[in-house]
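> Structure supplied as data_27.txt; contents: compact mmCIF, C-alpha atoms.
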```txt
# COMPACT_ATOMS: atom_id res chain seq x y z
CA MET A 1390 152.77 114.43 120.51
CA LEU A 1391 150.00 113.63 118.05
CA ALA A 1392 149.13 109.94 117.65
CA GLY A 1393 146.50 107.93 115.82
CA ARG A 1394 144.03 105.43 117.26
CA LYS A 1395 142.04 103.26 114.87
CA TYR A 1396 138.96 101.20 115.79
CA ARG A 1397 136.49 99.05 113.90
CA LEU A 1398 132.99 100.50 113.80
CA GLY A 1399 129.72 98.69 114.33
CA LEU A 1400 127.38 100.86 112.27
CA THR A 1401 123.69 100.23 111.87
CA ALA A 1402 122.28 99.85 108.35
CA GLU A 1403 121.01 103.43 108.43
CA GLN A 1404 124.36 104.80 109.66
CA ALA A 1405 126.29 102.80 107.05
CA GLU A 1406 124.06 104.20 104.30
CA MET A 1407 124.57 107.72 105.65
CA ALA A 1408 128.36 107.25 105.86
CA GLU A 1409 128.36 105.99 102.27
CA GLU A 1410 126.44 109.11 101.22
CA PHE A 1411 128.91 111.38 103.05
CA GLY A 1412 131.81 109.69 101.29
CA ASN A 1413 130.19 110.08 97.87
CA ILE A 1414 129.50 113.78 98.48
CA CYS A 1415 133.12 114.33 99.54
CA ARG A 1416 134.30 112.50 96.43
CA SER A 1417 132.12 114.71 94.23
CA VAL A 1418 133.38 117.88 95.91
CA TRP A 1419 137.00 116.71 95.51
CA ASN A 1420 136.62 115.95 91.79
CA THR A 1421 134.71 119.16 91.02
CA ALA A 1422 137.21 121.32 92.90
CA LEU A 1423 140.16 119.54 91.25
CA GLU A 1424 138.70 120.10 87.78
CA GLN A 1425 138.18 123.77 88.60
CA ARG A 1426 141.79 124.11 89.74
CA ARG A 1427 143.06 122.43 86.58
CA GLU A 1428 140.94 124.68 84.37
CA TYR A 1429 142.32 127.75 86.12
CA ARG A 1430 145.88 126.48 85.66
CA ARG A 1431 145.28 125.96 81.93
CA ARG A 1432 144.34 129.63 81.71
CA GLY A 1433 147.43 130.66 83.66
CA ALA A 1434 145.49 131.62 86.80
CA TRP A 1435 145.33 130.20 90.33
CA MET A 1436 142.54 128.85 92.51
CA ASN A 1437 142.94 128.09 96.22
CA TYR A 1438 140.90 127.09 99.23
CA VAL A 1439 139.32 130.44 100.20
CA PRO A 1440 137.33 131.16 97.00
CA GLN A 1441 136.42 127.48 96.63
CA ALA A 1442 135.02 127.40 100.17
CA ALA A 1443 132.90 130.46 99.37
CA GLU A 1444 131.64 128.86 96.16
CA LEU A 1445 130.84 125.68 98.10
CA ALA A 1446 128.62 127.67 100.45
CA ASP A 1447 126.75 129.09 97.45
CA ALA A 1448 126.44 125.65 95.86
CA LYS A 1449 124.90 124.22 99.04
CA ARG A 1450 122.07 126.74 98.78
CA GLU A 1451 121.43 125.68 95.19
CA TYR A 1452 121.91 121.90 95.44
CA GLU A 1453 120.06 120.22 98.26
CA TRP A 1454 122.08 116.97 98.15
CA LEU A 1455 125.21 118.86 99.26
CA ARG A 1456 123.48 119.79 102.52
CA ALA A 1457 123.27 116.16 103.58
CA ALA A 1458 126.93 116.13 104.69
CA PRO A 1459 128.27 118.32 107.55
CA SER A 1460 129.73 121.62 106.35
CA HIS A 1461 133.09 121.21 108.11
CA VAL A 1462 133.53 117.76 106.51
CA LEU A 1463 133.23 119.26 103.01
CA GLN A 1464 135.49 122.16 103.97
CA GLN A 1465 138.09 119.67 105.21
CA THR A 1466 137.92 117.94 101.81
CA LEU A 1467 138.79 121.23 100.13
CA LYS A 1468 141.66 121.75 102.61
CA ASP A 1469 143.02 118.29 101.86
CA LEU A 1470 142.83 119.03 98.13
CA ASP A 1471 144.59 122.36 98.62
CA LYS A 1472 147.41 120.68 100.53
CA ALA A 1473 147.74 117.92 97.91
CA CYS A 1474 147.92 120.44 95.05
CA ARG A 1475 150.53 122.52 96.84
CA THR A 1476 152.63 119.45 97.61
CA HIS A 1477 152.39 117.47 94.37
CA GLY A 1478 151.08 119.90 91.76
CA THR A 1479 147.57 120.37 90.41
CA PHE A 1480 147.94 118.00 87.47
CA LYS A 1481 149.55 115.23 89.54
CA VAL A 1482 146.73 114.94 92.07
CA ARG A 1483 144.50 111.98 91.25
CA TRP A 1484 140.78 111.81 90.77
CA ARG A 1485 138.68 109.89 93.24
CA SER A 1486 137.05 107.15 91.21
CA LYS A 1487 133.76 105.64 92.30
CA ALA A 1488 135.02 102.14 91.51
CA CYS A 1489 138.54 102.39 93.00
CA TRP A 1490 138.16 104.76 95.95
CA ASN A 1491 137.14 103.72 99.45
CA PRO A 1492 134.79 106.26 101.09
CA SER A 1493 136.55 108.41 103.68
CA PHE A 1494 135.75 111.71 105.40
CA ARG A 1495 137.12 113.63 108.39
CA PHE A 1496 135.50 115.56 111.23
CA PRO A 1497 138.19 118.21 111.95
CA ALA A 1498 136.57 119.64 115.09
CA GLY A 1499 137.62 117.42 117.96
CA ASN A 1500 135.48 119.36 120.44
CA LEU A 1501 132.37 118.13 118.61
CA VAL A 1502 133.36 114.47 119.06
CA THR A 1503 132.43 112.74 122.31
CA VAL A 1504 133.85 109.32 123.24
CA GLU A 1505 132.46 107.03 125.92
CA ARG A 1506 133.21 103.48 127.00
CA LEU A 1507 130.20 101.16 127.21
CA ASN A 1508 131.76 97.94 128.52
CA ARG A 1509 134.90 95.85 128.27
CA ALA A 1510 134.63 95.30 124.50
CA TRP A 1511 132.67 98.25 123.14
CA GLY A 1512 132.74 102.03 123.17
CA ARG A 1513 130.79 104.70 121.38
CA ALA A 1514 131.46 108.09 119.81
CA LYS A 1515 129.06 110.90 119.00
CA LEU A 1516 129.67 112.33 115.53
CA PRO A 1517 127.85 115.25 113.85
CA LYS A 1518 124.76 114.05 111.90
CA LEU A 1519 125.76 110.39 112.36
CA GLY A 1520 124.89 110.41 116.04
CA TRP A 1521 126.22 107.78 118.43
CA VAL A 1522 128.29 105.11 116.65
CA THR A 1523 129.68 102.05 118.44
CA PHE A 1524 133.21 100.72 117.94
CA ARG A 1525 135.41 97.93 119.28
CA TRP A 1526 137.25 99.21 122.36
CA SER A 1527 140.66 97.67 121.71
CA ARG A 1528 142.53 100.38 123.64
CA HIS A 1529 141.90 103.69 125.38
CA PRO A 1530 142.37 106.73 123.11
CA GLY A 1531 144.72 108.09 125.75
CA GLY A 1532 144.52 111.79 125.07
CA GLU A 1533 142.57 114.78 123.84
CA ILE A 1534 140.82 114.11 120.54
CA ARG A 1535 141.73 116.57 117.79
CA SER A 1536 139.85 115.02 114.85
CA ALA A 1537 138.03 111.87 113.77
CA THR A 1538 138.17 110.13 110.37
CA VAL A 1539 135.62 107.57 109.20
CA SER A 1540 136.72 105.24 106.40
CA ARG A 1541 135.79 101.94 104.80
CA LYS A 1542 138.21 99.15 104.00
CA ALA A 1543 137.48 95.63 102.75
CA GLY A 1544 133.78 95.97 103.52
CA HIS A 1545 134.25 97.23 107.11
CA TRP A 1546 133.94 100.73 108.52
CA TYR A 1547 136.63 102.17 110.80
CA ILE A 1548 137.09 105.31 112.84
CA SER A 1549 140.49 106.89 113.45
CA PHE A 1550 141.05 109.44 116.20
CA LEU A 1551 143.91 111.93 116.11
CA VAL A 1552 144.78 112.48 119.77
CA GLU A 1553 147.25 114.59 121.70
CA ASP A 1554 148.70 112.05 124.14
CA GLY A 1555 150.95 114.51 126.01
CA ILE A 1556 154.09 112.39 125.52
CA LEU A 1557 157.32 114.23 124.70
CA THR A 1558 160.10 112.79 122.55
CA PRO A 1559 163.07 111.77 124.76
CA GLY A 1560 166.16 113.83 124.27
CA ARG A 1561 168.59 110.92 124.45
CA HIS A 1562 168.56 107.20 123.68
CA ALA A 1563 170.81 104.76 125.50
CA GLY A 1564 170.96 102.18 122.69
CA THR A 1565 173.54 101.56 119.97
CA PRO A 1566 173.42 102.57 116.28
CA VAL A 1567 172.40 100.03 113.61
CA GLY A 1568 172.22 99.84 109.82
CA ILE A 1569 169.20 98.36 108.02
CA ASP A 1570 169.18 96.81 104.55
CA ARG A 1571 165.76 96.27 102.98
CA GLY A 1572 165.55 93.37 100.55
CA VAL A 1573 163.12 91.43 98.37
CA VAL A 1574 163.75 88.05 100.06
CA VAL A 1575 164.29 89.23 103.65
CA ALA A 1576 162.32 92.35 104.51
CA ALA A 1577 165.00 93.83 106.78
CA ALA A 1578 168.53 92.73 107.68
CA THR A 1579 170.57 94.57 110.31
CA SER A 1580 174.29 95.23 110.54
CA THR A 1581 174.32 93.12 113.72
CA GLY A 1582 173.23 90.03 111.76
CA ASP A 1583 169.53 89.98 112.68
CA PHE A 1584 166.82 89.21 110.12
CA HIS A 1585 163.23 90.45 110.23
CA ASP A 1586 160.76 88.86 107.85
CA ARG A 1587 157.42 87.07 107.59
CA GLU A 1588 154.98 85.87 104.93
CA PHE A 1589 152.05 88.20 104.38
CA VAL A 1590 149.94 85.99 102.12
CA THR A 1591 149.30 82.26 102.42
CA ALA A 1592 149.37 79.75 99.57
CA GLY A 1593 145.62 79.30 99.82
CA GLU A 1594 145.02 83.03 99.56
CA LYS A 1595 147.27 83.25 96.50
CA SER A 1596 145.33 80.46 94.78
CA ARG A 1597 141.96 81.94 95.66
CA TYR A 1598 142.98 85.43 94.61
CA ARG A 1599 144.13 84.15 91.22
CA ARG A 1600 140.78 82.41 90.68
CA LEU A 1601 138.98 85.59 91.63
CA GLN A 1602 141.08 87.53 89.12
CA GLN A 1603 140.05 85.09 86.40
CA ARG A 1604 136.41 85.42 87.42
CA LEU A 1605 136.73 89.21 87.38
CA ALA A 1606 138.12 89.15 83.84
CA ARG A 1607 135.04 87.21 82.65
CA SER A 1608 132.46 89.32 84.50
CA LYS A 1609 130.50 92.17 82.98
CA LYS A 1610 131.26 95.68 84.15
CA GLY A 1611 128.58 97.03 86.46
CA SER A 1612 127.09 93.62 87.21
CA ALA A 1613 126.27 92.26 90.67
CA ASN A 1614 128.68 89.33 90.21
CA ARG A 1615 131.50 91.75 89.48
CA ARG A 1616 130.80 93.66 92.70
CA LYS A 1617 130.79 90.40 94.67
CA THR A 1618 134.09 89.34 93.09
CA LEU A 1619 135.71 92.69 93.86
CA ALA A 1620 134.46 92.50 97.46
CA ALA A 1621 136.00 89.02 97.88
CA MET A 1622 139.31 90.25 96.43
CA ASN A 1623 139.30 93.26 98.74
CA ARG A 1624 138.77 91.01 101.77
CA ILE A 1625 141.84 88.95 100.89
CA MET A 1626 144.04 91.95 100.20
CA GLY A 1627 142.74 93.65 103.34
CA ARG A 1628 144.08 90.80 105.46
CA VAL A 1629 147.42 90.95 103.61
CA THR A 1630 147.84 94.69 104.12
CA ASP A 1631 146.91 94.34 107.80
CA ARG A 1632 149.60 91.70 108.30
CA ARG A 1633 152.15 93.87 106.53
CA ALA A 1634 151.26 96.91 108.63
CA ASP A 1635 151.43 94.84 111.83
CA PHE A 1636 154.84 93.42 110.87
CA CYS A 1637 156.25 96.86 110.07
CA ALA A 1638 154.94 98.29 113.33
CA GLN A 1639 156.38 95.47 115.43
CA THR A 1640 159.75 95.54 113.66
CA ALA A 1641 159.96 99.32 113.98
CA ASN A 1642 159.20 99.07 117.69
CA ARG A 1643 162.00 96.53 118.23
CA LEU A 1644 164.54 98.54 116.26
CA THR A 1645 163.78 101.91 117.82
CA THR A 1646 163.66 100.46 121.34
CA ARG A 1647 167.09 98.84 121.08
CA HIS A 1648 168.99 101.35 118.95
CA SER A 1649 169.71 105.07 119.27
CA VAL A 1650 170.35 105.58 115.55
CA VAL A 1651 168.74 103.69 112.65
CA VAL A 1652 170.50 104.11 109.31
CA LEU A 1653 168.49 103.43 106.14
CA GLU A 1654 169.10 103.76 102.43
CA ASP A 1655 167.54 106.81 100.82
CA LEU A 1656 165.34 104.81 98.43
CA ARG A 1657 162.81 106.30 96.02
CA THR A 1658 160.39 103.39 96.14
CA LYS A 1659 157.85 105.01 93.83
CA ASN A 1660 160.47 105.49 91.10
CA MET A 1661 161.96 102.03 91.67
CA THR A 1662 158.59 100.32 91.18
CA ALA A 1663 157.64 102.19 88.01
CA SER A 1664 156.65 100.01 85.07
CA ALA A 1665 159.24 99.19 82.38
CA ARG A 1666 156.58 98.54 79.74
CA GLY A 1667 157.40 101.64 77.72
CA THR A 1668 155.36 102.65 74.68
CA LYS A 1669 154.44 101.03 71.36
CA ALA A 1670 157.07 103.10 69.61
CA GLU A 1671 159.74 102.38 72.24
CA PRO A 1672 158.82 99.21 74.14
CA GLY A 1673 160.67 98.42 77.34
CA ARG A 1674 163.11 95.58 77.97
CA ASN A 1675 162.81 92.74 80.49
CA VAL A 1676 159.27 93.86 81.27
CA CYS A 1677 158.24 90.59 82.97
CA GLN A 1678 161.36 90.50 85.15
CA LYS A 1679 160.87 94.14 86.15
CA ALA A 1680 157.23 93.49 86.98
CA GLY A 1681 158.25 90.62 89.26
CA LEU A 1682 160.82 92.82 91.00
CA ASN A 1683 158.21 95.56 91.48
CA ARG A 1684 155.80 93.10 93.08
CA ALA A 1685 158.53 91.81 95.41
CA ILE A 1686 159.48 95.34 96.51
CA LEU A 1687 155.88 96.35 97.14
CA ASP A 1688 155.14 93.09 98.94
CA LYS A 1689 157.94 93.69 101.47
CA GLY A 1690 156.67 97.20 102.15
CA TRP A 1691 159.92 99.15 101.97
CA HIS A 1692 158.30 102.57 102.23
CA ARG A 1693 155.86 101.43 104.92
CA MET A 1694 158.80 100.14 106.95
CA GLU A 1695 160.53 103.53 106.80
CA LEU A 1696 157.34 105.33 107.82
CA ALA A 1697 156.82 102.92 110.73
CA ILE A 1698 160.39 103.45 111.96
CA ARG A 1699 160.02 107.23 111.78
CA ASN A 1700 156.74 107.04 113.67
CA ALA A 1701 158.12 104.77 116.40
CA ALA A 1702 161.26 106.92 116.70
CA ARG A 1703 159.17 109.82 117.97
CA SER A 1704 158.45 107.92 121.20
CA THR A 1705 161.97 106.59 121.81
CA GLY A 1706 164.15 109.47 120.65
CA THR A 1707 165.84 107.34 118.00
CA GLU A 1708 167.49 109.25 115.17
CA VAL A 1709 166.72 108.09 111.62
CA VAL A 1710 169.50 108.72 109.10
CA LEU A 1711 169.29 108.26 105.32
CA VAL A 1712 172.42 107.53 103.26
CA ASN A 1713 173.24 107.19 99.58
CA PRO A 1714 172.32 103.64 98.47
CA ALA A 1715 174.86 103.49 95.60
CA TYR A 1716 177.05 100.35 95.57
CA THR A 1717 176.10 99.24 99.09
CA SER A 1718 175.36 95.72 97.83
CA GLN A 1719 178.54 95.48 95.72
CA THR A 1720 181.08 96.87 98.21
CA CYS A 1721 183.11 94.68 100.50
CA ASN A 1722 182.72 95.95 104.04
CA ARG A 1723 186.18 94.68 105.02
CA CYS A 1724 188.44 96.07 102.25
CA GLY A 1725 186.13 98.47 100.39
CA HIS A 1726 186.52 96.73 97.03
CA VAL A 1727 183.63 97.46 94.64
CA ASP A 1728 182.71 94.80 92.10
CA ALA A 1729 179.38 93.51 90.79
CA LYS A 1730 180.87 89.98 90.89
CA ASN A 1731 181.31 90.21 94.66
CA ARG A 1732 177.73 89.08 95.04
CA GLU A 1733 177.73 85.46 93.90
CA SER A 1734 174.01 84.99 94.55
CA GLN A 1735 171.14 86.67 96.32
CA ALA A 1736 172.46 85.61 99.75
CA ALA A 1737 176.17 84.91 99.22
CA PHE A 1738 178.78 87.69 99.22
CA VAL A 1739 182.39 86.77 98.41
CA CYS A 1740 184.86 89.59 97.82
CA THR A 1741 186.90 89.06 94.65
CA SER A 1742 189.76 91.07 96.16
CA CYS A 1743 190.26 89.88 99.75
CA GLY A 1744 188.03 86.77 99.82
CA HIS A 1745 185.83 88.10 102.63
CA ARG A 1746 182.59 86.07 102.98
CA ASP A 1747 179.36 87.22 104.52
CA HIS A 1748 175.62 87.19 104.00
CA ALA A 1749 174.94 89.66 101.20
CA ASP A 1750 172.20 91.50 103.07
CA VAL A 1751 174.25 91.74 106.27
CA ASN A 1752 177.26 93.03 104.31
CA ALA A 1753 175.06 95.66 102.70
CA ALA A 1754 173.64 96.62 106.11
CA LYS A 1755 177.18 97.08 107.42
CA ASN A 1756 177.99 99.34 104.48
CA ILE A 1757 174.86 101.37 105.15
CA PHE A 1758 175.84 101.58 108.81
CA SER A 1759 179.36 102.75 107.98
CA ALA A 1760 178.12 105.28 105.39
CA ALA A 1761 176.52 107.26 108.21
CA GLY A 1762 179.93 107.69 109.87
CA HIS A 1763 179.73 104.82 112.36
CA ALA A 1764 182.64 102.38 112.68
CA VAL A 1765 184.23 103.23 109.34
CA PRO A 1766 186.81 100.55 108.44
CA ALA A 1767 190.44 101.69 108.45
CA CYS A 1768 191.00 100.44 104.89
CA GLY A 1769 188.04 102.07 103.17
CA ASP A 1770 185.42 104.78 103.14
CA LEU A 1771 182.63 102.47 101.91
CA ALA A 1772 182.87 103.55 98.26
CA VAL A 1773 179.37 104.97 98.50
CA GLY A 1774 179.73 107.60 95.83
CA ARG A 1775 183.33 108.19 96.91
CA SER A 1776 186.79 106.83 96.20
CA VAL A 1777 188.24 103.66 97.74
CA LYS A 1778 191.15 104.47 100.06
CA GLN A 1779 193.96 102.08 101.02
CA GLU A 1780 196.49 102.41 103.81
CA LEU A 1781 200.01 103.18 102.61
CA PRO A 1782 202.93 100.85 103.55
CA GLY A 1783 204.17 102.99 106.45
CA PRO A 1784 203.12 105.95 108.52
CA ARG A 1785 205.86 108.26 107.18
CA GLU A 1786 207.33 106.20 104.37
CA ALA A 1787 207.54 108.05 101.06
CA VAL A 1788 205.70 106.36 98.19
CA PRO A 1789 206.18 107.17 94.50
CA VAL A 1790 203.20 108.94 92.92
CA GLN A 1791 202.64 106.22 90.29
CA LEU A 1792 202.71 103.49 92.96
CA ALA A 1793 200.24 105.46 95.07
CA PHE A 1794 197.89 105.64 92.09
CA GLU A 1795 198.09 101.87 91.67
CA LEU A 1796 197.34 101.33 95.34
CA VAL A 1797 194.02 103.18 95.01
CA GLY A 1798 193.07 101.36 91.82
CA ILE A 1799 194.31 103.68 89.03
CA PRO A 1800 196.19 101.64 86.39
CA ARG A 1801 199.76 102.45 85.35
CA LEU A 1802 200.01 104.72 82.31
```
Show me the file's structure as structure tokens.

Amino acid sequence: MLAGRKYRLGLTAEQAEMAEEFGNICRSVWNTALEQRREYRRRGAWMNYVPQAAELADAKREYEWLRAAPSHVLQQTLKDLDKACRTHGTFKVRWRSKACWNPSFRFPAGNLVTVERLNRAWGRAKLPKLGWVTFRWSRHPGGEIRSATVSRKAGHWYISFLVEDGILTPGRHAGTPVGIDRGVVVAAATSTGDFHDREFVTAGEKSRYRRLQQRLARSKKGSANRRKTLAAMNRIMGRVTDRRADFCAQTANRLTTRHSVVVLEDLRTKNMTASARGTKAEPGRNVCQKAGLNRAILDKGWHRMELAIRNAARSTGTEVVLVNPAYTSQTCNRCGHVDAKNRESQAAFVCTSCGHRDHADVNAAKNIFSAAGHAVPACGDLAVGRSVKQELPGPREAVPVQLAFELVGIPRL
């Protein structure tokens, strides 16, 4: 299967300047090609990769600065744009801003990339036009290299290899199924009662980041002090995102190693974290509370956790199942009673019908687990978008129709 290997580069000053130039050229090609596609769509016509690649070849003969970057790197930029436009739509693809975009470019021809190990800590790779670049040898690539991507993050350059490791996904997993509830206080709670969580940012980093935000607000756009402030902020957030990615990877490895099926809620994180600000004509409600909830959801990395589980499941053969998230936090897992008052607090769940007590996140994880068809309670079908069933008094005892309606929650007429 295809796998990624990421290493930190040790570029010389000349190589770093050249990599920066490659990234800027790719950004210019992306923005120019995107504007051309949008203009064609406004006229009711279409533009795709083939004619744009031909026009790029003509533009390289006219503009010398385009010839500084390798041809297949620029062609790969057009391919990435074509895929993004086909997936999301031409007018939903974003521009690559000089101020907000980290330089990144890909060498799609793996046969042109040569990797060697120098010593215990360092290796080197030969890239077109960049030459030999050194990187920290944290692990062996472990397969045939298909492509190489050079990117910059928080002031450091990295190289990512896409390799074919030759590993096949197992056909069967010997573990047990489990349900996962993702929360804003605990990142992940399982139906077996386990909790997975950690802090991604320290108190000192929060304080320093807030001071840097205040300094950024007072700085002049385009000034050297503003660039220094942004670099300091990126270093802090780079450490935070690295911790979050490491936590998601470790948690996903534990879950997929132990369990044959992982059941998750089918959450639309992008829609859930949309701003509630509204417009001047129709302002939103509870904007500050919604902004705090959005930050909490993004901090716990709900979508990153799902991606990490799916990635780890390829190596273990674990099946990932998505279920409807409706009412999973309000439904009693024991009797199936649905009531918003069942959840007394963020952590306490007390059923107003049967008095069942449990941790709210664990109860929700059990409902998620049961919604996938595992260990469904005899007295309910989880009420996840469906009706609440109740056992009748006897196996063959006749029950009046009106009484049967009352048993399932329909009031007497």
> Compare A:Val1575, A:Leu1470, A:Val1418, A:Ile1548 by their minimum atom-to-atom distance to Met1436 (chain A), counting all atoms listed in the file, and give me the closest one.
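Between A:Val1575, A:Leu1470, A:Val1418, A:Ile1548, the residue approaching Met1436 (chain A) most closely is A:Leu1470.
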> Counting only C-alpha atoms, figure out which residue out of A:Arg1561, A:Arg1597, A:Arg1571, A:Lys1609 gets nearest to Glu1708 (chain A).
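Between A:Arg1561, A:Arg1597, A:Arg1571, A:Lys1609, the residue approaching Glu1708 (chain A) most closely is A:Arg1561.
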> Work out how far CA of Gly1564 (chain A) is from CA of Arg1647 (chain A), in Å to one decimal.
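So the answer is 5.4 Å.
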> Find the distance between CA of Trp1484 (chain A) and CA of Lys1468 (chain A) and write it in Å to one decimal.
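The value is 15.5 Å.
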> Have a look at CA of Ala1457 (chain A) and CA of Pro1497 (chain A) and let me know their distance in Å, one decimal.
17.2 Å
> Pick out the closest residue to Ser1493 (chain A) from this set: A:Pro1530, A:Gly1412, A:Gly1673, A:Gly1560. Count only C-alpha atoms.
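Ranking A:Pro1530, A:Gly1412, A:Gly1673, A:Gly1560 by distance to Ser1493 (chain A), first place goes to A:Gly1412.
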> Hey, what's within 9 Å of Thr1720 (chain A) if we count all atoms listed in the file and toss same-chain stuff fewer than 3 positions away? As a ChimeraX atom specification, please?
/A:1716-1717,1723-1729,1731,1740,1752-1753,1756,1771-1773
> Just need the box for region 1608-1622 of chain A, edges along x, y and z, holding every atom the file lists for it with 3 Å tacked onto each side, so centre and edge lengths in Å to one decimal, as lines of an AutoDock Vina configuration file.

```
center_x = 132.8
center_y = 93.0
center_z = 90.4
size_x = 19.0
size_y = 14.0
size_z = 20.9
```
> Using only C-alpha atoms, which residues sit within 10 Å of Leu1445 (chain A) once same-chain residues fewer than 6 positions away are excluded, as an MDAnalysis selection string?
chainID A and resid 1418 1422 1439 1451 1455 1460 1463:1464 1467
> Counting all atoms listed in the file, what is within 12 Å of Arg1509 (chain A), bar same-chain residues fewer than 6 positions away, as a VMD selection string?
chain A and resid 1524 to 1529
> Which residue is closest to Tyr1396 (chain A)? Choose from A:Lys1595, A:His1477, A:Arg1541, A:Lys1679 and count all atoms listed in the file.
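With all atoms listed in the file as the atom set, the closest residue is A:Arg1541.
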> When you look at Leu1711 (chain A) with a cut-off of 8 Å (counting all atoms listed in the file), what residues show up, excluding the ones that are within fewer than 5 positions of it in the same chain? I need them as a PDB file with C-alpha atoms, in the frame of the given file.

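As written to disk, selection24.pdb reads:
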```pdb
ATOM      1  CA  VAL A1652     170.500 104.110 109.310  1.00  0.00           C
ATOM      2  CA  LEU A1653     168.490 103.430 106.140  1.00  0.00           C
ATOM      3  CA  GLU A1654     169.100 103.760 102.430  1.00  0.00           C
ATOM      4  CA  ASP A1655     167.540 106.810 100.820  1.00  0.00           C
ATOM      5  CA  ALA A1761     176.520 107.260 108.210  1.00  0.00           C
TER       6      ALA A1761
END
```
> Name all residues at most 12 Å from Asp1747 (chain A) (count all atoms listed in the file; drop same-chain ones fewer than 6 positions away) and give them as a PyMOL selection string.
chain A and resi 1580+1582+1718+1720-1723+1731-1740+1753-1755
> Please save C-alpha atoms of the selected residues as a short mmCIF file (atom, residue, chain, number, x, y, z; two decimals), keeping the file's coordinate frame.

```cif
data_model
loop_
_atom_site.label_atom_id
_atom_site.label_comp_id
_atom_site.auth_asym_id
_atom_site.auth_seq_id
_atom_site.Cartn_x
_atom_site.Cartn_y
_atom_site.Cartn_z
CA SER A 1580 174.29 95.23 110.54
CA GLY A 1582 173.23 90.03 111.76
CA SER A 1718 175.36 95.72 97.83
CA THR A 1720 181.08 96.87 98.21
CA CYS A 1721 183.11 94.68 100.50
CA ASN A 1722 182.72 95.95 104.04
CA ARG A 1723 186.18 94.68 105.02
CA ASN A 1731 181.31 90.21 94.66
CA ARG A 1732 177.73 89.08 95.04
CA GLU A 1733 177.73 85.46 93.90
CA SER A 1734 174.01 84.99 94.55
CA GLN A 1735 171.14 86.67 96.32
CA ALA A 1736 172.46 85.61 99.75
CA ALA A 1737 176.17 84.91 99.22
CA PHE A 1738 178.78 87.69 99.22
CA VAL A 1739 182.39 86.77 98.41
CA CYS A 1740 184.86 89.59 97.82
CA ALA A 1753 175.06 95.66 102.70
CA ALA A 1754 173.64 96.62 106.11
CA LYS A 1755 177.18 97.08 107.42
#
```
> So, with all atoms listed in the file as the atoms that count, which of A:Val1709, A:Ala1715, A:Leu1400, A:Ala1680 lies closest to Arg1513 (chain A)?
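Selected residue with least distance to Arg1513 (chain A): A:Leu1400.
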